[in-house]
Amino acid sequence: MKTLKTKSAGIHSYMLWFFASVTFLILLNIISAFIPRDQLVKRTKQAFAKSHLLKSDVGGNIYGLDAWRGNHQYQDCLVLMQALHLSDDWKENAFLGPKSGEAKCQWLYDYVFEQQDQEELMSTVHMYWQYNHGTVAVTSIFCSVIPLELYRALLKFITILLTALSGIALILVSDKKFKGSGLAIAGMGAVIMLLTLHGFDFFGQNLSHGLGDWISIGFFAILMWSIHWGLSYKKNVILCIIFGSLSAYIEYLIGILPFCIISILIFGAIKNRIDSTYNFSKVFRLLFTYGISFAGTFVVFLLVKYFLVNDSIFKVFYETFTYRINGETYSIGDVYTGLIDYL
């Protein structure tokens, strides 16, 4: 009986952590929707004037390999466009991320410099239903305060710092737990692997990729340090809850989810070598917790959209999601077939 009560109390505690995390993220979206856009318009103009943004949706170098501006001008212009609050309804700005379907950078340039009729430009704006638009909220806040080039530098610097901290943590764990075994070499390998895999030179400064790196590599770094610090299983569960929510909040199909899942598996493998009681069952529960938190965040945001914005949101979300996977049809069978084909 006492064990059941303890488990029940633990579950309730985890649920509180989840709803606290999601509530904070929802409030962040709402707050960002009320930020005056004058400063963002001014900084966007400055970015174009200084060539930190281009009218082209790709970078300035051959094949778009631009280590100065980043390799994804399209995504930068998309996020900045959404951060301009193009709808007259704050709820749509907060939760549906209105955007234009035209070439993003050219549209953004024409809009902020008023190079085309504003009504004509606004006629191409539509809602971006399927994401939680955390990137837009964070960008609204940062780029209203600091120039775009400084924000980009901050994104890349923090990501590289987190990568270095990941390697340092593995080296410390190796020295402390394994007496200088090959895990130290693995730590350095992890740093090199992360730098190569994420392509920091070309994506680290991107407004969506950069924030995604903060979450994915930050999660990996904290998990490695949790081994060094000897954090309890309960605290590791809480970490999975928080980062599961953050992953869903920032996700723009930039690979956060698979990277975080791999991070949990790496954490579990190392932890098991230190503590044999840290078996697959515990690791699976961490994976499950992260996955539920990720999916649950989408569900909560969809419910908020359903009650505040549009009651057809679930239908639109489902159709958009399945179209992204399969391209043509919307059946569950087609979704699974598409997933298998693209594995």
# chains A, B, ... in the order shown; residues from 1 in each chain; ligands from 1

$ residues_around --residues "Phe157 in chain A" --least-positions-apart "3" --cutoff "10 Å" --atoms "only C-alpha atoms" --output "VMD selection string"
chain A and resid 151 to 154 160 to 163 200 204 to 205 210

$ residues_around --residues "range 213-228 of chain A" --least-positions-apart "4" --cutoff "6 Å" --atoms "only C-alpha atoms" --output "compact mmCIF listing (two decimals) with all heavy atoms, in the first residue's frame"
# COMPACT_ATOMS: atom_id res chain seq x y z
N THR A 159 25.68 27.08 -28.56
CA THR A 159 25.68 25.71 -29.06
C THR A 159 27.07 25.09 -28.96
O THR A 159 27.24 23.94 -28.51
CB THR A 159 25.19 25.66 -30.51
OG1 THR A 159 23.88 26.19 -30.59
CG2 THR A 159 25.18 24.24 -31.04
N LEU A 162 27.85 24.38 -25.32
CA LEU A 162 27.15 23.18 -24.86
C LEU A 162 27.84 21.91 -25.37
O LEU A 162 27.93 20.90 -24.66
CB LEU A 162 25.69 23.20 -25.31
CG LEU A 162 24.78 24.23 -24.62
CD1 LEU A 162 23.44 24.31 -25.34
CD2 LEU A 162 24.58 23.86 -23.15
N SER A 166 29.57 18.99 -23.12
CA SER A 166 29.25 17.57 -23.27
C SER A 166 30.52 16.73 -23.23
O SER A 166 30.60 15.71 -22.53
CB SER A 166 28.52 17.32 -24.60
OG SER A 166 27.33 18.07 -24.68
N ALA A 169 32.11 16.73 -19.73
CA ALA A 169 31.38 15.84 -18.81
C ALA A 169 31.78 14.39 -19.02
O ALA A 169 32.00 13.65 -18.05
CB ALA A 169 29.88 16.02 -19.01
N VAL A 173 33.52 11.95 -16.30
CA VAL A 173 32.91 10.66 -15.92
C VAL A 173 33.91 9.54 -16.15
O VAL A 173 34.04 8.62 -15.33
CB VAL A 173 31.62 10.42 -16.74
CG1 VAL A 173 31.13 8.98 -16.56
CG2 VAL A 173 30.54 11.40 -16.31
N ILE A 256 15.30 17.52 -33.77
CA ILE A 256 15.47 17.53 -32.31
C ILE A 256 15.07 16.18 -31.71
O ILE A 256 15.80 15.63 -30.86
CB ILE A 256 14.64 18.65 -31.66
CG1 ILE A 256 15.05 20.01 -32.21
CG2 ILE A 256 14.81 18.63 -30.14
CD1 ILE A 256 14.18 21.15 -31.72
N CYS A 260 17.50 13.66 -29.37
CA CYS A 260 17.25 13.53 -27.93
C CYS A 260 17.01 12.08 -27.53
O CYS A 260 17.44 11.64 -26.45
CB CYS A 260 16.06 14.40 -27.51
SG CYS A 260 16.42 16.18 -27.53
N SER A 263 20.32 10.52 -27.35
CA SER A 263 21.00 11.00 -26.14
C SER A 263 20.59 10.19 -24.92
O SER A 263 21.44 9.86 -24.07
CB SER A 263 20.68 12.48 -25.91
OG SER A 263 21.17 13.28 -26.97

$ select_by_dssp --residues "range 97-242 of chain A" --states "strand (DSSP E)" --output "PDB file with N, CA, C and O atoms, in the first residue's frame"
ATOM      1  N   LYS A  99       2.031  33.361 -41.951  1.00  0.00           N
ATOM      2  CA  LYS A  99       3.170  33.528 -42.858  1.00  0.00           C
ATOM      3  C   LYS A  99       2.654  33.751 -44.266  1.00  0.00           C
ATOM      4  O   LYS A  99       1.475  33.537 -44.553  1.00  0.00           O
ATOM      5  N   SER A 100       3.550  34.168 -45.156  1.00  0.00           N
ATOM      6  CA  SER A 100       3.208  34.274 -46.568  1.00  0.00           C
ATOM      7  C   SER A 100       3.709  33.041 -47.305  1.00  0.00           C
ATOM      8  O   SER A 100       4.739  32.468 -46.942  1.00  0.00           O
ATOM      9  N   VAL A 125      -0.952  36.075 -47.159  1.00  0.00           N
ATOM     10  CA  VAL A 125      -0.696  35.562 -45.803  1.00  0.00           C
ATOM     11  C   VAL A 125      -1.730  34.511 -45.417  1.00  0.00           C
ATOM     12  O   VAL A 125      -2.926  34.679 -45.673  1.00  0.00           O
ATOM     13  N   HIS A 126      -1.268  33.416 -44.830  1.00  0.00           N
ATOM     14  CA  HIS A 126      -2.170  32.386 -44.325  1.00  0.00           C
ATOM     15  C   HIS A 126      -1.595  31.793 -43.037  1.00  0.00           C
ATOM     16  O   HIS A 126      -0.445  32.056 -42.688  1.00  0.00           O
TER      17      HIS A 126
END

$ residues_around --residues "range 268-285 of chain A" --least-positions-apart "3" --cutoff "7 Å" --atoms "only C-alpha atoms" --output "ChimeraX atom specification"
/A:177,227,264-265,288-289

$ atom_distance --atom1 "CA of Trp129 in chain A" --atom2 "CA of Asn310 in chain A"
10.1 Å

$ residues_around --residues "Tyr252 in chain A" --least-positions-apart "3" --cutoff "10 Å" --atoms "only C-alpha atoms" --output "compact mmCIF listing (two decimals) with N, CA and C atoms, in the first residue's frame"
# COMPACT_ATOMS: atom_id res chain seq x y z
N GLN A 75 14.62 29.96 -43.81
CA GLN A 75 14.07 29.75 -42.47
C GLN A 75 14.18 31.01 -41.62
N GLN A 130 0.48 23.75 -38.03
CA GLN A 130 0.89 22.49 -37.42
C GLN A 130 1.98 22.56 -36.35
N TYR A 131 2.59 23.72 -36.14
CA TYR A 131 3.67 23.80 -35.15
C TYR A 131 3.25 24.61 -33.93
N ASN A 132 4.12 24.59 -32.91
CA ASN A 132 3.83 25.35 -31.69
C ASN A 132 4.49 26.73 -31.70
N HIS A 133 5.37 26.95 -32.67
CA HIS A 133 5.94 28.28 -32.96
C HIS A 133 6.71 28.88 -31.79
N GLY A 134 7.40 28.02 -31.04
CA GLY A 134 8.25 28.52 -29.98
C GLY A 134 9.41 29.35 -30.52
N THR A 135 9.91 28.94 -31.69
CA THR A 135 11.01 29.69 -32.31
C THR A 135 10.59 31.12 -32.60
N SER A 208 16.03 28.96 -36.38
CA SER A 208 15.33 27.77 -35.89
C SER A 208 16.31 26.64 -35.57
N HIS A 209 17.28 26.40 -36.44
CA HIS A 209 18.27 25.35 -36.18
C HIS A 209 19.07 25.65 -34.92
N GLY A 212 17.11 24.91 -31.91
CA GLY A 212 16.99 23.46 -31.82
C GLY A 212 18.25 22.83 -31.26
N SER A 247 11.39 20.44 -26.65
CA SER A 247 11.61 19.90 -28.00
C SER A 247 10.39 20.13 -28.87
N ALA A 248 9.21 19.84 -28.34
CA ALA A 248 7.98 20.04 -29.09
C ALA A 248 7.73 21.51 -29.36
N TYR A 249 8.11 22.34 -28.43
CA TYR A 249 7.90 23.79 -28.53
C TYR A 249 8.74 24.40 -29.65
N GLY A 255 15.10 17.91 -36.55
CA GLY A 255 15.83 16.77 -36.03
C GLY A 255 16.05 16.73 -34.52
N ILE A 256 15.30 17.52 -33.77
CA ILE A 256 15.47 17.53 -32.31
C ILE A 256 15.07 16.18 -31.71

$ select_by_dssp --residues "range 43-275 of chain A" --states "alpha helix (DSSP H)" --output "VMD selection string"
chain A and resid 43 to 49 73 to 83 90 to 95 104 to 112 118 to 122 134 to 142 148 to 177 183 to 198 200 to 203 209 to 229 233 to 250 256 to 274

$ decode --residues "range 95-135 of chain A" --atoms "N, CA and C atoms" --output "PDB file, in the first residue's frame"
ATOM      1  N   PHE A  95      -0.441  31.545 -31.709  1.00  0.00           N
ATOM      2  CA  PHE A  95      -0.540  30.087 -31.825  1.00  0.00           C
ATOM      3  C   PHE A  95      -0.573  29.531 -33.244  1.00  0.00           C
ATOM      4  N   LEU A  96      -0.811  30.373 -34.247  1.00  0.00           N
ATOM      5  CA  LEU A  96      -0.887  29.866 -35.620  1.00  0.00           C
ATOM      6  C   LEU A  96       0.224  30.388 -36.521  1.00  0.00           C
ATOM      7  N   GLY A  97       1.051  31.305 -36.018  1.00  0.00           N
ATOM      8  CA  GLY A  97       2.228  31.757 -36.769  1.00  0.00           C
ATOM      9  C   GLY A  97       1.948  32.126 -38.201  1.00  0.00           C
ATOM     10  N   PRO A  98       1.125  33.148 -38.480  1.00  0.00           N
ATOM     11  CA  PRO A  98       0.816  33.505 -39.869  1.00  0.00           C
ATOM     12  C   PRO A  98       2.064  33.792 -40.691  1.00  0.00           C
ATOM     13  N   LYS A  99       2.031  33.361 -41.951  1.00  0.00           N
ATOM     14  CA  LYS A  99       3.170  33.528 -42.858  1.00  0.00           C
ATOM     15  C   LYS A  99       2.654  33.751 -44.266  1.00  0.00           C
ATOM     16  N   SER A 100       3.550  34.168 -45.156  1.00  0.00           N
ATOM     17  CA  SER A 100       3.208  34.274 -46.568  1.00  0.00           C
ATOM     18  C   SER A 100       3.709  33.041 -47.305  1.00  0.00           C
ATOM     19  N   GLY A 101       2.997  32.648 -48.324  1.00  0.00           N
ATOM     20  CA  GLY A 101       3.402  31.481 -49.095  1.00  0.00           C
ATOM     21  C   GLY A 101       4.421  31.800 -50.166  1.00  0.00           C
ATOM     22  N   GLU A 102       4.694  33.098 -50.373  1.00  0.00           N
ATOM     23  CA  GLU A 102       5.641  33.488 -51.413  1.00  0.00           C
ATOM     24  C   GLU A 102       7.079  33.303 -50.933  1.00  0.00           C
ATOM     25  N   ALA A 103       8.066  33.599 -51.826  1.00  0.00           N
ATOM     26  CA  ALA A 103       9.482  33.521 -51.458  1.00  0.00           C
ATOM     27  C   ALA A 103       9.695  34.356 -50.195  1.00  0.00           C
ATOM     28  N   LYS A 104      10.190  33.724 -49.167  1.00  0.00           N
ATOM     29  CA  LYS A 104      10.172  34.342 -47.843  1.00  0.00           C
ATOM     30  C   LYS A 104      11.013  35.617 -47.744  1.00  0.00           C
ATOM     31  N   CYS A 105      12.261  35.584 -48.199  1.00  0.00           N
ATOM     32  CA  CYS A 105      13.140  36.742 -48.026  1.00  0.00           C
ATOM     33  C   CYS A 105      12.711  37.925 -48.897  1.00  0.00           C
ATOM     34  N   GLN A 106      12.319  37.651 -50.121  1.00  0.00           N
ATOM     35  CA  GLN A 106      11.859  38.732 -50.993  1.00  0.00           C
ATOM     36  C   GLN A 106      10.593  39.357 -50.426  1.00  0.00           C
ATOM     37  N   TRP A 107       9.689  38.524 -49.935  1.00  0.00           N
ATOM     38  CA  TRP A 107       8.448  39.021 -49.337  1.00  0.00           C
ATOM     39  C   TRP A 107       8.758  39.888 -48.117  1.00  0.00           C
ATOM     40  N   LEU A 108       9.643  39.409 -47.257  1.00  0.00           N
ATOM     41  CA  LEU A 108       9.996  40.144 -46.040  1.00  0.00           C
ATOM     42  C   LEU A 108      10.619  41.488 -46.397  1.00  0.00           C
ATOM     43  N   TYR A 109      11.502  41.492 -47.385  1.00  0.00           N
ATOM     44  CA  TYR A 109      12.142  42.746 -47.831  1.00  0.00           C
ATOM     45  C   TYR A 109      11.086  43.730 -48.346  1.00  0.00           C
ATOM     46  N   ASP A 110      10.219  43.238 -49.212  1.00  0.00           N
ATOM     47  CA  ASP A 110       9.181  44.100 -49.783  1.00  0.00           C
ATOM     48  C   ASP A 110       8.245  44.635 -48.700  1.00  0.00           C
ATOM     49  N   TYR A 111       8.015  43.832 -47.679  1.00  0.00           N
ATOM     50  CA  TYR A 111       7.079  44.220 -46.628  1.00  0.00           C
ATOM     51  C   TYR A 111       7.672  45.298 -45.720  1.00  0.00           C
ATOM     52  N   VAL A 112       8.882  45.080 -45.203  1.00  0.00           N
ATOM     53  CA  VAL A 112       9.453  46.042 -44.244  1.00  0.00           C
ATOM     54  C   VAL A 112       9.868  47.347 -44.917  1.00  0.00           C
ATOM     55  N   PHE A 113      10.270  47.277 -46.197  1.00  0.00           N
ATOM     56  CA  PHE A 113      10.660  48.489 -46.913  1.00  0.00           C
ATOM     57  C   PHE A 113       9.502  49.069 -47.743  1.00  0.00           C
ATOM     58  N   GLU A 114       8.347  48.412 -47.665  1.00  0.00           N
ATOM     59  CA  GLU A 114       7.133  48.856 -48.369  1.00  0.00           C
ATOM     60  C   GLU A 114       7.396  49.037 -49.858  1.00  0.00           C
ATOM     61  N   GLN A 115       8.003  47.997 -50.446  1.00  0.00           N
ATOM     62  CA  GLN A 115       8.328  48.011 -51.871  1.00  0.00           C
ATOM     63  C   GLN A 115       7.151  47.596 -52.743  1.00  0.00           C
ATOM     64  N   GLN A 116       6.159  46.976 -52.116  1.00  0.00           N
ATOM     65  CA  GLN A 116       4.942  46.594 -52.841  1.00  0.00           C
ATOM     66  C   GLN A 116       3.737  47.058 -52.037  1.00  0.00           C
ATOM     67  N   ASP A 117       2.601  47.060 -52.680  1.00  0.00           N
ATOM     68  CA  ASP A 117       1.366  47.422 -52.003  1.00  0.00           C
ATOM     69  C   ASP A 117       1.130  46.473 -50.823  1.00  0.00           C
ATOM     70  N   GLN A 118       0.937  47.025 -49.636  1.00  0.00           N
ATOM     71  CA  GLN A 118       0.810  46.222 -48.429  1.00  0.00           C
ATOM     72  C   GLN A 118      -0.407  45.297 -48.474  1.00  0.00           C
ATOM     73  N   GLU A 119      -1.473  45.775 -49.030  1.00  0.00           N
ATOM     74  CA  GLU A 119      -2.674  44.934 -49.124  1.00  0.00           C
ATOM     75  C   GLU A 119      -2.420  43.733 -50.025  1.00  0.00           C
ATOM     76  N   GLU A 120      -1.690  43.963 -51.106  1.00  0.00           N
ATOM     77  CA  GLU A 120      -1.361  42.861 -52.019  1.00  0.00           C
ATOM     78  C   GLU A 120      -0.469  41.837 -51.320  1.00  0.00           C
ATOM     79  N   LEU A 121       0.517  42.320 -50.565  1.00  0.00           N
ATOM     80  CA  LEU A 121       1.394  41.418 -49.825  1.00  0.00           C
ATOM     81  C   LEU A 121       0.611  40.637 -48.770  1.00  0.00           C
ATOM     82  N   MET A 122      -0.266  41.325 -48.072  1.00  0.00           N
ATOM     83  CA  MET A 122      -1.037  40.676 -47.012  1.00  0.00           C
ATOM     84  C   MET A 122      -2.049  39.674 -47.553  1.00  0.00           C
ATOM     85  N   SER A 123      -2.407  39.811 -48.818  1.00  0.00           N
ATOM     86  CA  SER A 123      -3.378  38.882 -49.410  1.00  0.00           C
ATOM     87  C   SER A 123      -2.808  37.477 -49.558  1.00  0.00           C
ATOM     88  N   THR A 124      -1.466  37.354 -49.481  1.00  0.00           N
ATOM     89  CA  THR A 124      -0.833  36.033 -49.597  1.00  0.00           C
ATOM     90  C   THR A 124      -0.586  35.386 -48.233  1.00  0.00           C
ATOM     91  N   VAL A 125      -0.952  36.075 -47.159  1.00  0.00           N
ATOM     92  CA  VAL A 125      -0.696  35.562 -45.803  1.00  0.00           C
ATOM     93  C   VAL A 125      -1.730  34.511 -45.417  1.00  0.00           C
ATOM     94  N   HIS A 126      -1.268  33.416 -44.830  1.00  0.00           N
ATOM     95  CA  HIS A 126      -2.170  32.386 -44.325  1.00  0.00           C
ATOM     96  C   HIS A 126      -1.595  31.793 -43.037  1.00  0.00           C
ATOM     97  N   MET A 127      -2.393  31.011 -42.339  1.00  0.00           N
ATOM     98  CA  MET A 127      -1.985  30.478 -41.044  1.00  0.00           C
ATOM     99  C   MET A 127      -1.058  29.269 -41.197  1.00  0.00           C
ATOM    100  N   TYR A 128      -0.152  29.119 -40.254  1.00  0.00           N
ATOM    101  CA  TYR A 128       0.792  27.991 -40.227  1.00  0.00           C
ATOM    102  C   TYR A 128       0.371  27.092 -39.062  1.00  0.00           C
ATOM    103  N   TRP A 129      -0.500  26.165 -39.340  1.00  0.00           N
ATOM    104  CA  TRP A 129      -1.259  25.464 -38.315  1.00  0.00           C
ATOM    105  C   TRP A 129      -0.454  24.504 -37.449  1.00  0.00           C
ATOM    106  N   GLN A 130       0.476  23.745 -38.033  1.00  0.00           N
ATOM    107  CA  GLN A 130       0.889  22.489 -37.416  1.00  0.00           C
ATOM    108  C   GLN A 130       1.977  22.564 -36.354  1.00  0.00           C
ATOM    109  N   TYR A 131       2.595  23.721 -36.135  1.00  0.00           N
ATOM    110  CA  TYR A 131       3.673  23.800 -35.148  1.00  0.00           C
ATOM    111  C   TYR A 131       3.252  24.615 -33.935  1.00  0.00           C
ATOM    112  N   ASN A 132       4.119  24.590 -32.910  1.00  0.00           N
ATOM    113  CA  ASN A 132       3.828  25.355 -31.694  1.00  0.00           C
ATOM    114  C   ASN A 132       4.495  26.727 -31.697  1.00  0.00           C
ATOM    115  N   HIS A 133       5.370  26.955 -32.672  1.00  0.00           N
ATOM    116  CA  HIS A 133       5.945  28.276 -32.960  1.00  0.00           C
ATOM    117  C   HIS A 133       6.714  28.879 -31.794  1.00  0.00           C
ATOM    118  N   GLY A 134       7.396  28.021 -31.043  1.00  0.00           N
ATOM    119  CA  GLY A 134       8.253  28.521 -29.982  1.00  0.00           C
ATOM    120  C   GLY A 134       9.407  29.350 -30.523  1.00  0.00           C
ATOM    121  N   THR A 135       9.909  28.940 -31.689  1.00  0.00           N
ATOM    122  CA  THR A 135      11.009  29.688 -32.311  1.00  0.00           C
ATOM    123  C   THR A 135      10.589  31.124 -32.603  1.00  0.00           C
TER     124      THR A 135
END
